[in-house]
Structures are given as structure tokens and as C-alpha cells.
>>> print(open('final_38.txt').read())   # compact mmCIF, C-alpha atoms
# COMPACT_ATOMS: atom_id res chain seq x y z
CA MET O 46 0.00 0.00 0.00
CA ALA O 47 1.44 3.35 -1.12
CA LEU O 48 1.98 5.99 1.41
CA ASP O 49 -0.12 9.14 1.16
CA ASP O 50 2.49 11.88 0.76
CA GLY O 51 -0.13 14.60 0.21
CA SER O 52 0.70 15.01 -3.50
CA GLN O 53 -2.92 14.54 -4.55
CA GLU O 54 -4.02 17.31 -2.24
CA ILE O 55 -1.30 19.55 -3.66
CA ARG O 56 -2.46 18.85 -7.21
CA ASP O 57 -6.05 19.60 -6.24
CA VAL O 58 -5.00 22.88 -4.66
CA ASP O 59 -2.95 23.83 -7.77
CA ARG O 60 -5.89 23.03 -10.02
CA GLN O 61 -8.20 25.11 -7.90
CA ILE O 62 -5.77 28.02 -7.96
CA LYS O 63 -5.56 27.81 -11.76
CA GLU O 64 -9.33 27.69 -12.08
CA ASP O 65 -9.68 30.67 -9.76
CA GLN O 66 -7.06 32.52 -11.84
CA GLN O 67 -8.96 31.76 -15.03
CA VAL O 68 -12.15 33.07 -13.48
CA GLU O 69 -10.39 36.26 -12.46
CA ASP O 70 -8.88 36.65 -15.94
CA LEU O 71 -12.32 36.19 -17.47
CA LYS O 72 -13.80 38.79 -15.16
CA ARG O 73 -11.12 41.26 -16.15
CA SER O 74 -11.55 40.51 -19.87
CA LEU O 75 -15.33 40.50 -19.86
CA PRO O 76 -15.77 44.28 -20.22
CA TRP O 77 -13.40 44.23 -23.19
CA PHE O 78 -15.34 41.42 -24.88
CA ILE O 79 -18.60 43.24 -24.23
CA GLY O 80 -17.16 46.45 -25.65
CA VAL O 81 -15.99 44.72 -28.82
CA ALA O 82 -19.38 43.06 -29.23
CA LEU O 83 -21.14 46.40 -28.86
CA VAL O 84 -18.85 47.99 -31.44
CA VAL O 85 -19.59 45.18 -33.91
CA VAL O 86 -23.33 45.54 -33.30
CA LEU O 87 -23.14 49.31 -33.78
CA ILE O 88 -21.13 48.95 -37.00
CA VAL O 89 -23.60 46.45 -38.45
CA ALA O 90 -26.59 48.54 -37.37
CA GLY O 91 -24.99 51.70 -38.75
CA ARG O 92 -24.24 50.01 -42.05
CA GLN O 93 -27.80 48.79 -42.37
CA PHE O 94 -29.15 52.24 -41.50
CA TRP O 95 -26.87 53.85 -44.11
CA GLU O 96 -27.93 51.35 -46.80
CA VAL O 97 -31.62 51.90 -46.08
CA ARG O 98 -31.10 55.67 -46.09
CA GLN O 99 -29.24 55.52 -49.43
CA THR O 100 -31.95 53.34 -50.94
CA ASN O 101 -34.69 55.70 -49.77
CA MET O 102 -32.74 58.70 -51.05
CA ALA O 103 -32.21 57.07 -54.45
CA GLU O 104 -35.88 56.20 -54.73
CA ALA O 105 -36.92 59.75 -53.82
CA THR O 106 -34.40 61.22 -56.25
CA ALA O 107 -35.64 58.93 -59.01
CA VAL O 108 -39.11 60.41 -58.59
CA GLU O 109 -37.69 63.96 -58.62
CA PHE O 110 -35.61 63.19 -61.71
CA ASN O 111 -38.59 61.82 -63.64
CA GLN O 112 -40.66 64.83 -62.64
CA ALA O 113 -37.91 67.17 -63.87
CA VAL O 114 -37.74 65.32 -67.20
CA THR O 115 -41.51 65.65 -67.57
CA LEU O 116 -41.24 69.41 -66.99
CA ILE O 117 -38.90 69.87 -69.96
CA GLU O 118 -41.79 70.05 -72.42
CA THR O 119 -44.07 72.19 -70.25
CA ASP O 120 -41.87 74.47 -68.13
CA GLN O 121 -38.19 74.54 -69.07
CA ALA O 122 -37.21 77.03 -66.37
CA ALA O 123 -38.83 74.88 -63.68
CA ALA O 124 -37.15 71.78 -65.14
CA LEU O 125 -33.77 73.47 -64.92
CA ILE O 126 -34.37 74.42 -61.28
CA ALA O 127 -35.37 70.83 -60.52
CA PHE O 128 -32.23 69.48 -62.20
CA ASP O 129 -30.10 71.97 -60.25
CA ASP O 130 -31.57 70.69 -56.99
CA ILE O 131 -30.69 67.10 -57.92
CA ILE O 132 -27.18 68.16 -58.96
CA ASP O 133 -26.62 69.85 -55.59
CA ASN O 134 -28.33 67.34 -53.31
CA GLY O 135 -28.81 64.03 -55.12
CA PRO O 136 -26.62 60.89 -55.14
CA ASP O 137 -23.64 61.02 -57.52
CA GLY O 138 -25.28 58.95 -60.26
CA TYR O 139 -28.44 61.03 -60.40
CA ALA O 140 -26.47 64.26 -60.02
CA ALA O 141 -24.44 63.41 -63.13
CA MET O 142 -27.52 62.46 -65.15
CA ALA O 143 -29.24 65.65 -64.03
CA ALA O 144 -26.22 67.70 -65.13
CA LEU O 145 -26.31 66.05 -68.57
CA ARG O 146 -30.01 66.79 -68.89
CA ALA O 147 -29.56 70.34 -67.64
CA GLY O 148 -26.71 70.94 -70.08
CA ALA O 149 -28.78 69.72 -73.02
CA LEU O 150 -31.74 71.80 -71.85
CA ALA O 151 -29.64 74.95 -71.37
CA GLU O 152 -28.26 74.51 -74.89
CA ARG O 153 -31.81 74.06 -76.20
CA MET O 154 -32.79 77.27 -74.45
CA GLY O 155 -29.92 79.09 -76.16
CA ASP O 156 -27.70 79.53 -73.10
CA LYS O 157 -24.48 77.94 -74.37
CA ASP O 158 -22.37 79.25 -71.49
CA ALA O 159 -24.63 77.57 -68.95
CA ALA O 160 -24.68 74.38 -71.01
CA LEU O 161 -20.89 74.38 -71.11
CA ARG O 162 -20.73 74.76 -67.32
CA TYR O 163 -23.09 71.85 -66.78
CA PHE O 164 -21.09 69.53 -69.04
CA LEU O 165 -17.78 70.56 -67.49
CA LYS O 166 -19.21 69.91 -64.02
CA ILE O 167 -19.34 66.24 -65.01
CA ALA O 168 -16.18 66.17 -67.11
CA GLU O 169 -14.07 67.54 -64.25
CA ASN O 170 -15.52 65.27 -61.57
CA ASP O 171 -13.10 62.37 -61.13
CA ALA O 172 -15.68 60.50 -59.07
CA GLN O 173 -17.73 59.89 -62.22
CA PRO O 174 -17.03 57.00 -64.63
CA LYS O 175 -14.54 57.95 -67.34
CA ARG O 176 -16.91 57.21 -70.22
CA LEU O 177 -19.45 59.60 -68.72
CA ARG O 178 -16.80 62.27 -68.18
CA ASP O 179 -15.58 61.84 -71.76
CA LEU O 180 -19.11 62.15 -73.13
CA ALA O 181 -19.62 65.39 -71.20
CA ARG O 182 -16.20 66.69 -72.29
CA VAL O 183 -17.02 66.09 -75.95
CA ARG O 184 -20.36 67.82 -75.59
CA ALA O 185 -18.58 70.75 -73.96
CA GLY O 186 -15.94 70.72 -76.70
CA TYR O 187 -18.47 71.27 -79.48
CA LEU O 188 -19.98 74.14 -77.52
CA ALA O 189 -16.55 75.68 -76.91
CA LEU O 190 -15.79 75.96 -80.64
CA ASP O 191 -17.40 79.41 -80.68
CA GLN O 192 -14.90 80.55 -78.04
CA GLY O 193 -11.73 79.90 -80.02
CA ARG O 194 -9.14 77.15 -80.27
CA ASP O 195 -7.40 77.81 -76.96
CA ARG O 196 -10.65 77.49 -75.05
CA THR O 197 -11.68 74.45 -77.08
CA MET O 198 -8.41 72.61 -76.50
CA GLY O 199 -8.55 73.48 -72.81
CA VAL O 200 -12.00 71.94 -72.60
CA LEU O 201 -10.87 68.79 -74.43
CA ASN O 202 -7.99 68.49 -71.96
CA GLY O 203 -6.06 65.93 -73.99
CA LEU O 204 -9.01 63.72 -74.92
CA GLU O 205 -8.14 64.26 -78.60
CA ALA O 206 -4.98 62.18 -78.05
CA GLU O 207 -6.94 59.07 -77.04
CA GLU O 208 -7.78 56.33 -79.55
CA THR O 209 -11.30 55.79 -78.24
CA ALA O 210 -14.80 56.47 -79.56
CA PHE O 211 -14.90 59.77 -77.69
CA GLY O 212 -11.30 60.43 -78.70
CA MET O 213 -12.40 60.41 -82.35
CA HIS O 214 -15.02 63.06 -81.59
CA ALA O 215 -12.38 65.06 -79.74
CA LYS O 216 -10.05 64.84 -82.75
CA GLU O 217 -12.87 66.14 -84.93
CA ILE O 218 -13.40 69.07 -82.56
CA ALA O 219 -9.68 69.82 -82.47
CA GLY O 220 -9.57 69.66 -86.27
CA LEU O 221 -12.51 72.04 -86.56
CA ALA O 222 -10.89 74.45 -84.12
CA ALA O 223 -7.71 74.45 -86.21
CA LEU O 224 -9.64 74.73 -89.47
CA THR O 225 -11.64 77.77 -88.40
CA LEU O 226 -8.40 79.43 -87.26
CA GLY O 227 -6.77 78.83 -90.63
CA ASP O 228 -4.28 76.27 -89.32
CA TYR O 229 -4.98 73.93 -92.22
CA GLN O 230 -2.06 71.54 -91.76
CA THR O 231 -2.96 70.81 -88.13
CA ALA O 232 -6.58 70.35 -89.10
CA LEU O 233 -5.60 67.99 -91.89
CA THR O 234 -3.51 65.92 -89.48
CA TYR O 235 -6.50 65.40 -87.18
CA PHE O 236 -8.92 64.55 -89.98
CA GLU O 237 -6.50 62.16 -91.67
CA THR O 238 -5.89 60.43 -88.34
CA ILE O 239 -9.62 59.90 -87.98
CA GLN O 240 -9.83 58.50 -91.50
CA ALA O 241 -6.95 56.11 -90.82
CA THR O 242 -8.70 54.61 -87.80
CA ALA O 243 -9.81 51.03 -88.34
CA ASP O 244 -13.49 50.08 -88.05
CA LEU O 245 -14.55 53.69 -88.05
CA ALA O 246 -18.26 54.45 -88.34
CA PRO O 247 -19.32 55.73 -91.76
CA ARG O 248 -20.75 59.00 -90.48
CA ILE O 249 -17.67 60.27 -88.69
CA ALA O 250 -15.45 58.90 -91.46
CA GLY O 251 -17.52 60.80 -94.04
CA ARG O 252 -17.30 64.02 -92.07
CA ALA O 253 -13.54 63.59 -91.64
CA GLU O 254 -13.17 63.15 -95.41
CA GLU O 255 -15.18 66.31 -96.12
CA PHE O 256 -13.31 68.36 -93.53
CA ALA O 257 -9.97 67.06 -94.83
CA ALA O 258 -10.96 68.21 -98.31
CA LEU O 259 -11.69 71.67 -96.91
CA ALA O 260 -8.32 71.70 -95.17
CA HIS O 261 -6.62 70.80 -98.46
CA LEU O 262 -8.40 73.70 -100.18
CA GLY O 263 -7.36 76.07 -97.43
CA ALA O 264 -3.77 74.88 -97.58
CA GLU O 265 -3.80 75.60 -101.32
CA GLY O 266 -4.91 79.16 -100.66
CA LYS O 267 -8.47 78.70 -101.91
CA SER O 268 -11.37 80.35 -100.07
CA LEU O 269 -13.74 78.18 -98.08
CA GLU O 270 -16.63 78.55 -95.71
CA LEU O 271 -17.26 76.38 -92.71
CA VAL O 272 -20.17 76.21 -90.34
CA THR O 273 -18.29 75.74 -87.10
CA GLN O 274 -21.08 74.77 -84.78
CA THR O 275 -21.36 71.13 -85.86
CA GLN O 276 -23.64 68.78 -83.91
CA PRO O 277 -22.92 65.21 -85.10
CA ASP O 278 -26.06 63.08 -85.02
CA GLY O 279 -24.16 60.07 -83.75
CA LEU O 280 -22.98 61.89 -80.64
CA LEU O 281 -26.49 63.12 -79.88
CA ASP O 282 -27.82 59.58 -80.35
CA LEU O 283 -25.16 58.31 -77.96
CA MET O 284 -26.10 60.93 -75.40
CA ASP O 285 -29.76 59.90 -75.66
CA ASP O 286 -28.73 56.28 -75.03
CA VAL O 287 -26.76 57.28 -71.92
CA LEU O 288 -29.59 59.45 -70.59
CA ALA O 289 -32.00 56.54 -71.04
CA ALA O 290 -29.88 54.34 -68.75
CA PRO O 291 -30.72 54.24 -64.99
CA ALA O 292 -28.77 56.85 -63.08
CA GLY O 293 -25.79 55.44 -61.25
CA GLN O 294 -25.85 52.37 -63.51
CA PRO O 295 -23.75 53.26 -66.58
CA THR O 296 -24.35 51.22 -69.71
CA ASN O 297 -21.92 48.47 -70.62
CA GLU O 298 -18.50 49.76 -71.67
CA ASN O 299 -18.50 47.61 -74.81
CA GLU O 300 -21.90 48.97 -75.79
CA THR O 301 -20.58 52.50 -75.30
CA GLN O 302 -17.63 51.91 -77.56
CA GLU O 303 -19.87 50.32 -80.17
CA ASP O 304 -22.44 53.12 -80.02
CA GLY O 305 -19.72 55.73 -80.00
CA THR O 306 -18.35 54.43 -83.29
CA SER O 307 -21.17 52.86 -85.23
CA GLY O 308 -23.59 55.61 -84.28
CA ASN O 309 -21.46 58.45 -85.55
>>> encode(input="final_38.txt", output="C-alpha cells")
Amino acid sequence: MALDDGSQEIRDVDRQIKEDQQVEDLKRSLPWFIGVALVVVLIVAGRQFWEVRQTNMAEATAVEFNQAVTLIETDQAAALIAFDDIIDNGPDGYAAMAALRAGALAERMGDKDAALRYFLKIAENDAQPKRLRDLARVRAGYLALDQGRDRTMGVLNGLEAEETAFGMHAKEIAGLAALTLGDYQTALTYFETIQATADLAPRIAGRAEEFAALAHLGAEGKSLELVTQTQPDGLLDLMDDVLAAPAGQPTNENETQEDGTSGN
């Protein structure tokens, strides 16, 4: 029979001490765990609140946007005020669409300066998708032709160097700006570049050919007349397509490129 040396009692006491220590550690850590849990709950609740608020705001803005569009045919001034309110207070997507509509409406009302400001508001907003900014920049570029080449090129802001659908429109604008200034060689360079672009839409290719012919005549010292305020049908069709898309949900990039070329 083994002698009882008290080791079992010692082990029991050690185990009890460890358990008591664990309980104390848990008590000290409990407030921290509760705090973390509360933070997680608050973050989740805040996120859900924000999402609901954004959804409600988008739904309310959609109604306001549709009402503003309806006003275009009955009260243009009121429509412009309604678009301005959406631009200032609406979500980014609707604000951009409202600016496009307001720019087109201001141009229709004969206020080209206001139209230019609306389009540039989008073009210079880096938060907007590039294709939307490029569309607005091209629209602004055609309007800027009346203000001289320096202003026009400043509005284009390098878009004429891009080999994209909107870049082709920008090249056309840059060529027109040079042509009206009498810089026929620069104009010819732009129009020939457009013509050399593969898979170019017939409309913009045809215009480039005609403008290039004018540039040739000018370079040869022959007189020519040019109506500078060109409004390509393809670009206007493309703008209508973009405006028809739900705000904040840009149309497919491939569709944009296709429309921007085949529709010109």
C-alpha cells in the first residue's frame, strides 16, 4: 500500500488556484469582450441604416428626376431648377444624369455658357465613370468651338490624343478648331488620323473626309466657308442612349464603344 504523501491534495490545490485565476482573468476581460461586441453591433446597425437611407434617397431622387424630365416640355425654367436641386443634393449617379439633362436643356434654351458649365461639371468630376466624363467633355468641346481654339483645347484636356470612340469626336473638334483658325495643316492631321482609324463608323469617317478636303483647299490658298457649330447626329444619339440608362448604372463599356463608333 502506497503511502499518502499529500501530492494529490497539492495537485487539487494547484488546479483550484488555476481555475480561480482563469475566473479572475475572465472577469477582467469581460468588459473588453462586451465592448468589442457592442462595437460590432453598432457597426452592423450603422451600415444597415446607411444602406436603407441611401436606398430611400435614391428612390426619392428617381421620382424627382422623372418629374424634372416631364417638366422639360411644359416648363423649361422649372425643369432646370429641378435638375439643379438634384445636382446639388442628389446621389452622384443622379447628379451626373441631371447635369447632362440640364446641359442639353440649357443649350436648347440658347444659353451655351450655362450648357458648357453643366457639361464641365461632369467632365471635371473624377468620381464619375470615365466614359461619362468623356461624353460630357465632348459635348462641352463642341460648344466651346465658338470661343476659339485655346478654349476648345482646354475643354478637351487631352481627350483628342486618345484612340477611343470619344477620342475620335475630340479629334474632330480639335480639327474644326484648327480649321476655323486657318491652321490647315494641323486640321488635316486630325482629320487624316480619324480617316486612318480602323473600323470607323461611316458617319464620322464621311465628315472627316469632307473636312480634310476643306483643309486641303485652305492649304492651297483657296477660299472656303465652314459652319463651325457642328452637332454630329451620332454623338447626340449616344447621349440619348446614356440618358436613357438608370442613373448610377452606366451602360456596358463595350456597348458604349460600339455606339460611339457605329452611331457616328
>>> closest_residue(input="final_38.txt", among="O:Ile126, O:Ile239, O:Ile131, O:Ala258", to="Phe211 in chain O", atoms="only C-alpha atoms")
O:Ile239
>>> closest_residue(input="final_38.txt", among="O:Glu254, O:Ala144, O:Asp244, O:Lys157", to="Ala127 in chain O", atoms="all atoms listed in the file")
O:Ala144
>>> atom_distance(input="final_38.txt", atom1="CA of Ala107 in chain O", atom2="CA of Ala151 in chain O")
21.1 Å
>>> atom_distance(input="final_38.txt", atom1="CA of Ala185 in chain O", atom2="CA of Gly148 in chain O")
9.0 Å
>>> axis_aligned_box(input="final_38.txt", around="range 154-158 of chain O", padding_each_side="5 Å", output="JSON")
{"center_x": -27.6, "center_y": 78.4, "center_z": -73.8, "size_x": 20.4, "size_y": 12.3, "size_z": 14.7}
>>> residues_around(input="final_38.txt", residues="Ala257 in chain O", least_positions_apart="3", cutoff="8 Å", atoms="all atoms listed in the file", output="VMD selection string")
chain O and resid 232 to 233 236 to 237 253 to 254 260 to 261
>>> closest_residue(input="final_38.txt", among="O:Arg252, O:Gly138, O:Ala124, O:Gln230", to="Pro174 in chain O", atoms="all atoms listed in the file")
O:Gly138
>>> closest_residue(input="final_38.txt", among="O:Gly199, O:Gly186, O:Gly212, O:Gly263", to="Leu224 in chain O", atoms="all atoms listed in the file")
O:Gly263
>>> closest_residue(input="final_38.txt", among="O:Gly155, O:Gly251, O:Gly220, O:Gly203", to="Leu188 in chain O", atoms="only C-alpha atoms")
O:Gly155
>>> atom_distance(input="final_38.txt", atom1="CA of Thr106 in chain O", atom2="CA of Val183 in chain O")
26.7 Å
>>> closest_residue(input="final_38.txt", among="O:Tyr163, O:Phe110, O:Tyr229, O:Tyr235", to="Arg184 in chain O", atoms="all atoms listed in the file")
O:Tyr163
>>> decode(input="final_38.txt", residues="range 195-209 of chain O", atoms="all heavy atoms", output="PDB file, in the first residue's frame")
ATOM      1  N   ASP O 195      -8.005  77.985 -78.282  1.00  0.00           N
ATOM      2  CA  ASP O 195      -7.398  77.810 -76.960  1.00  0.00           C
ATOM      3  C   ASP O 195      -8.427  77.300 -75.957  1.00  0.00           C
ATOM      4  O   ASP O 195      -8.148  76.379 -75.178  1.00  0.00           O
ATOM      5  CB  ASP O 195      -6.793  79.128 -76.471  1.00  0.00           C
ATOM      6  CG  ASP O 195      -5.537  79.507 -77.246  1.00  0.00           C
ATOM      7  OD1 ASP O 195      -4.982  78.621 -77.936  1.00  0.00           O
ATOM      8  OD2 ASP O 195      -5.115  80.678 -77.164  1.00  0.00           O
ATOM      9  N   ARG O 196      -9.587  77.916 -75.975  1.00  0.00           N
ATOM     10  CA  ARG O 196     -10.646  77.487 -75.049  1.00  0.00           C
ATOM     11  C   ARG O 196     -11.088  76.072 -75.380  1.00  0.00           C
ATOM     12  O   ARG O 196     -11.272  75.245 -74.488  1.00  0.00           O
ATOM     13  CB  ARG O 196     -11.829  78.452 -75.153  1.00  0.00           C
ATOM     14  CG  ARG O 196     -13.068  78.036 -74.363  1.00  0.00           C
ATOM     15  CD  ARG O 196     -12.779  77.902 -72.894  1.00  0.00           C
ATOM     16  NE  ARG O 196     -14.019  77.752 -72.133  1.00  0.00           N
ATOM     17  CZ  ARG O 196     -14.085  77.214 -70.908  1.00  0.00           C
ATOM     18  NH1 ARG O 196     -12.977  76.790 -70.313  1.00  0.00           N
ATOM     19  NH2 ARG O 196     -15.243  77.127 -70.284  1.00  0.00           N
ATOM     20  N   THR O 197     -11.237  75.783 -76.660  1.00  0.00           N
ATOM     21  CA  THR O 197     -11.679  74.453 -77.075  1.00  0.00           C
ATOM     22  C   THR O 197     -10.698  73.377 -76.637  1.00  0.00           C
ATOM     23  O   THR O 197     -11.095  72.347 -76.074  1.00  0.00           O
ATOM     24  CB  THR O 197     -11.847  74.397 -78.603  1.00  0.00           C
ATOM     25  OG1 THR O 197     -12.808  75.371 -79.012  1.00  0.00           O
ATOM     26  CG2 THR O 197     -12.316  73.027 -79.047  1.00  0.00           C
ATOM     27  N   MET O 198      -9.418  73.604 -76.871  1.00  0.00           N
ATOM     28  CA  MET O 198      -8.414  72.610 -76.496  1.00  0.00           C
ATOM     29  C   MET O 198      -8.310  72.465 -74.982  1.00  0.00           C
ATOM     30  O   MET O 198      -8.061  71.370 -74.460  1.00  0.00           O
ATOM     31  CB  MET O 198      -7.053  72.985 -77.088  1.00  0.00           C
ATOM     32  CG  MET O 198      -7.041  73.057 -78.618  1.00  0.00           C
ATOM     33  SD  MET O 198      -7.664  71.553 -79.417  1.00  0.00           S
ATOM     34  CE  MET O 198      -6.354  70.401 -78.996  1.00  0.00           C
ATOM     35  N   GLY O 199      -8.536  73.559 -74.272  1.00  0.00           N
ATOM     36  CA  GLY O 199      -8.550  73.477 -72.812  1.00  0.00           C
ATOM     37  C   GLY O 199      -9.701  72.627 -72.317  1.00  0.00           C
ATOM     38  O   GLY O 199      -9.563  71.865 -71.353  1.00  0.00           O
ATOM     39  N   VAL O 200     -10.840  72.751 -72.970  1.00  0.00           N
ATOM     40  CA  VAL O 200     -12.001  71.943 -72.595  1.00  0.00           C
ATOM     41  C   VAL O 200     -11.752  70.465 -72.896  1.00  0.00           C
ATOM     42  O   VAL O 200     -12.068  69.593 -72.098  1.00  0.00           O
ATOM     43  CB  VAL O 200     -13.264  72.437 -73.341  1.00  0.00           C
ATOM     44  CG1 VAL O 200     -14.406  71.428 -73.208  1.00  0.00           C
ATOM     45  CG2 VAL O 200     -13.699  73.795 -72.789  1.00  0.00           C
ATOM     46  N   LEU O 201     -11.156  70.190 -74.063  1.00  0.00           N
ATOM     47  CA  LEU O 201     -10.871  68.791 -74.430  1.00  0.00           C
ATOM     48  C   LEU O 201      -9.864  68.160 -73.472  1.00  0.00           C
ATOM     49  O   LEU O 201      -9.920  66.948 -73.206  1.00  0.00           O
ATOM     50  CB  LEU O 201     -10.345  68.717 -75.855  1.00  0.00           C
ATOM     51  CG  LEU O 201     -11.348  69.049 -76.970  1.00  0.00           C
ATOM     52  CD1 LEU O 201     -10.674  68.960 -78.334  1.00  0.00           C
ATOM     53  CD2 LEU O 201     -12.564  68.137 -76.910  1.00  0.00           C
ATOM     54  N   ASN O 202      -8.929  68.930 -72.997  1.00  0.00           N
ATOM     55  CA  ASN O 202      -7.992  68.495 -71.958  1.00  0.00           C
ATOM     56  C   ASN O 202      -7.255  67.198 -72.322  1.00  0.00           C
ATOM     57  O   ASN O 202      -7.075  66.308 -71.507  1.00  0.00           O
ATOM     58  CB  ASN O 202      -8.747  68.296 -70.634  1.00  0.00           C
ATOM     59  CG  ASN O 202      -7.810  68.184 -69.443  1.00  0.00           C
ATOM     60  OD1 ASN O 202      -6.766  68.818 -69.408  1.00  0.00           O
ATOM     61  ND2 ASN O 202      -8.186  67.372 -68.457  1.00  0.00           N
ATOM     62  N   GLY O 203      -6.851  67.088 -73.585  1.00  0.00           N
ATOM     63  CA  GLY O 203      -6.061  65.928 -73.991  1.00  0.00           C
ATOM     64  C   GLY O 203      -6.875  64.750 -74.497  1.00  0.00           C
ATOM     65  O   GLY O 203      -6.299  63.737 -74.926  1.00  0.00           O
ATOM     66  N   LEU O 204      -8.180  64.833 -74.462  1.00  0.00           N
ATOM     67  CA  LEU O 204      -9.012  63.717 -74.922  1.00  0.00           C
ATOM     68  C   LEU O 204      -8.770  63.423 -76.400  1.00  0.00           C
ATOM     69  O   LEU O 204      -8.908  62.283 -76.843  1.00  0.00           O
ATOM     70  CB  LEU O 204     -10.491  64.039 -74.683  1.00  0.00           C
ATOM     71  CG  LEU O 204     -11.511  62.957 -75.071  1.00  0.00           C
ATOM     72  CD1 LEU O 204     -11.250  61.658 -74.324  1.00  0.00           C
ATOM     73  CD2 LEU O 204     -12.934  63.448 -74.807  1.00  0.00           C
ATOM     74  N   GLU O 205      -8.367  64.441 -77.161  1.00  0.00           N
ATOM     75  CA  GLU O 205      -8.139  64.258 -78.597  1.00  0.00           C
ATOM     76  C   GLU O 205      -6.952  63.339 -78.884  1.00  0.00           C
ATOM     77  O   GLU O 205      -6.792  62.835 -79.999  1.00  0.00           O
ATOM     78  CB  GLU O 205      -7.908  65.617 -79.281  1.00  0.00           C
ATOM     79  CG  GLU O 205      -6.577  66.263 -78.999  1.00  0.00           C
ATOM     80  CD  GLU O 205      -6.502  66.956 -77.636  1.00  0.00           C
ATOM     81  OE1 GLU O 205      -7.522  66.970 -76.919  1.00  0.00           O
ATOM     82  OE2 GLU O 205      -5.425  67.491 -77.308  1.00  0.00           O
ATOM     83  N   ALA O 206      -6.138  63.070 -77.866  1.00  0.00           N
ATOM     84  CA  ALA O 206      -4.979  62.180 -78.054  1.00  0.00           C
ATOM     85  C   ALA O 206      -5.340  60.713 -77.836  1.00  0.00           C
ATOM     86  O   ALA O 206      -4.532  59.824 -78.119  1.00  0.00           O
ATOM     87  CB  ALA O 206      -3.859  62.585 -77.091  1.00  0.00           C
ATOM     88  N   GLU O 207      -6.542  60.441 -77.351  1.00  0.00           N
ATOM     89  CA  GLU O 207      -6.945  59.066 -77.045  1.00  0.00           C
ATOM     90  C   GLU O 207      -7.563  58.391 -78.267  1.00  0.00           C
ATOM     91  O   GLU O 207      -8.313  59.013 -79.023  1.00  0.00           O
ATOM     92  CB  GLU O 207      -7.923  59.050 -75.872  1.00  0.00           C
ATOM     93  CG  GLU O 207      -7.332  59.586 -74.577  1.00  0.00           C
ATOM     94  CD  GLU O 207      -8.291  59.452 -73.410  1.00  0.00           C
ATOM     95  OE1 GLU O 207      -9.315  58.741 -73.546  1.00  0.00           O
ATOM     96  OE2 GLU O 207      -8.022  60.058 -72.357  1.00  0.00           O
ATOM     97  N   GLU O 208      -7.241  57.103 -78.421  1.00  0.00           N
ATOM     98  CA  GLU O 208      -7.776  56.329 -79.552  1.00  0.00           C
ATOM     99  C   GLU O 208      -9.046  55.605 -79.109  1.00  0.00           C
ATOM    100  O   GLU O 208      -9.128  54.375 -79.142  1.00  0.00           O
ATOM    101  CB  GLU O 208      -6.722  55.336 -80.049  1.00  0.00           C
ATOM    102  CG  GLU O 208      -5.433  55.983 -80.522  1.00  0.00           C
ATOM    103  CD  GLU O 208      -5.683  56.966 -81.677  1.00  0.00           C
ATOM    104  OE1 GLU O 208      -6.493  56.647 -82.564  1.00  0.00           O
ATOM    105  OE2 GLU O 208      -5.052  58.040 -81.678  1.00  0.00           O
ATOM    106  N   THR O 209     -10.034  56.351 -78.697  1.00  0.00           N
ATOM    107  CA  THR O 209     -11.302  55.792 -78.245  1.00  0.00           C
ATOM    108  C   THR O 209     -12.425  56.406 -79.068  1.00  0.00           C
ATOM    109  O   THR O 209     -12.203  57.300 -79.882  1.00  0.00           O
ATOM    110  CB  THR O 209     -11.538  56.109 -76.754  1.00  0.00           C
ATOM    111  OG1 THR O 209     -11.616  57.545 -76.605  1.00  0.00           O
ATOM    112  CG2 THR O 209     -10.398  55.582 -75.887  1.00  0.00           C
TER     113      THR O 209
END
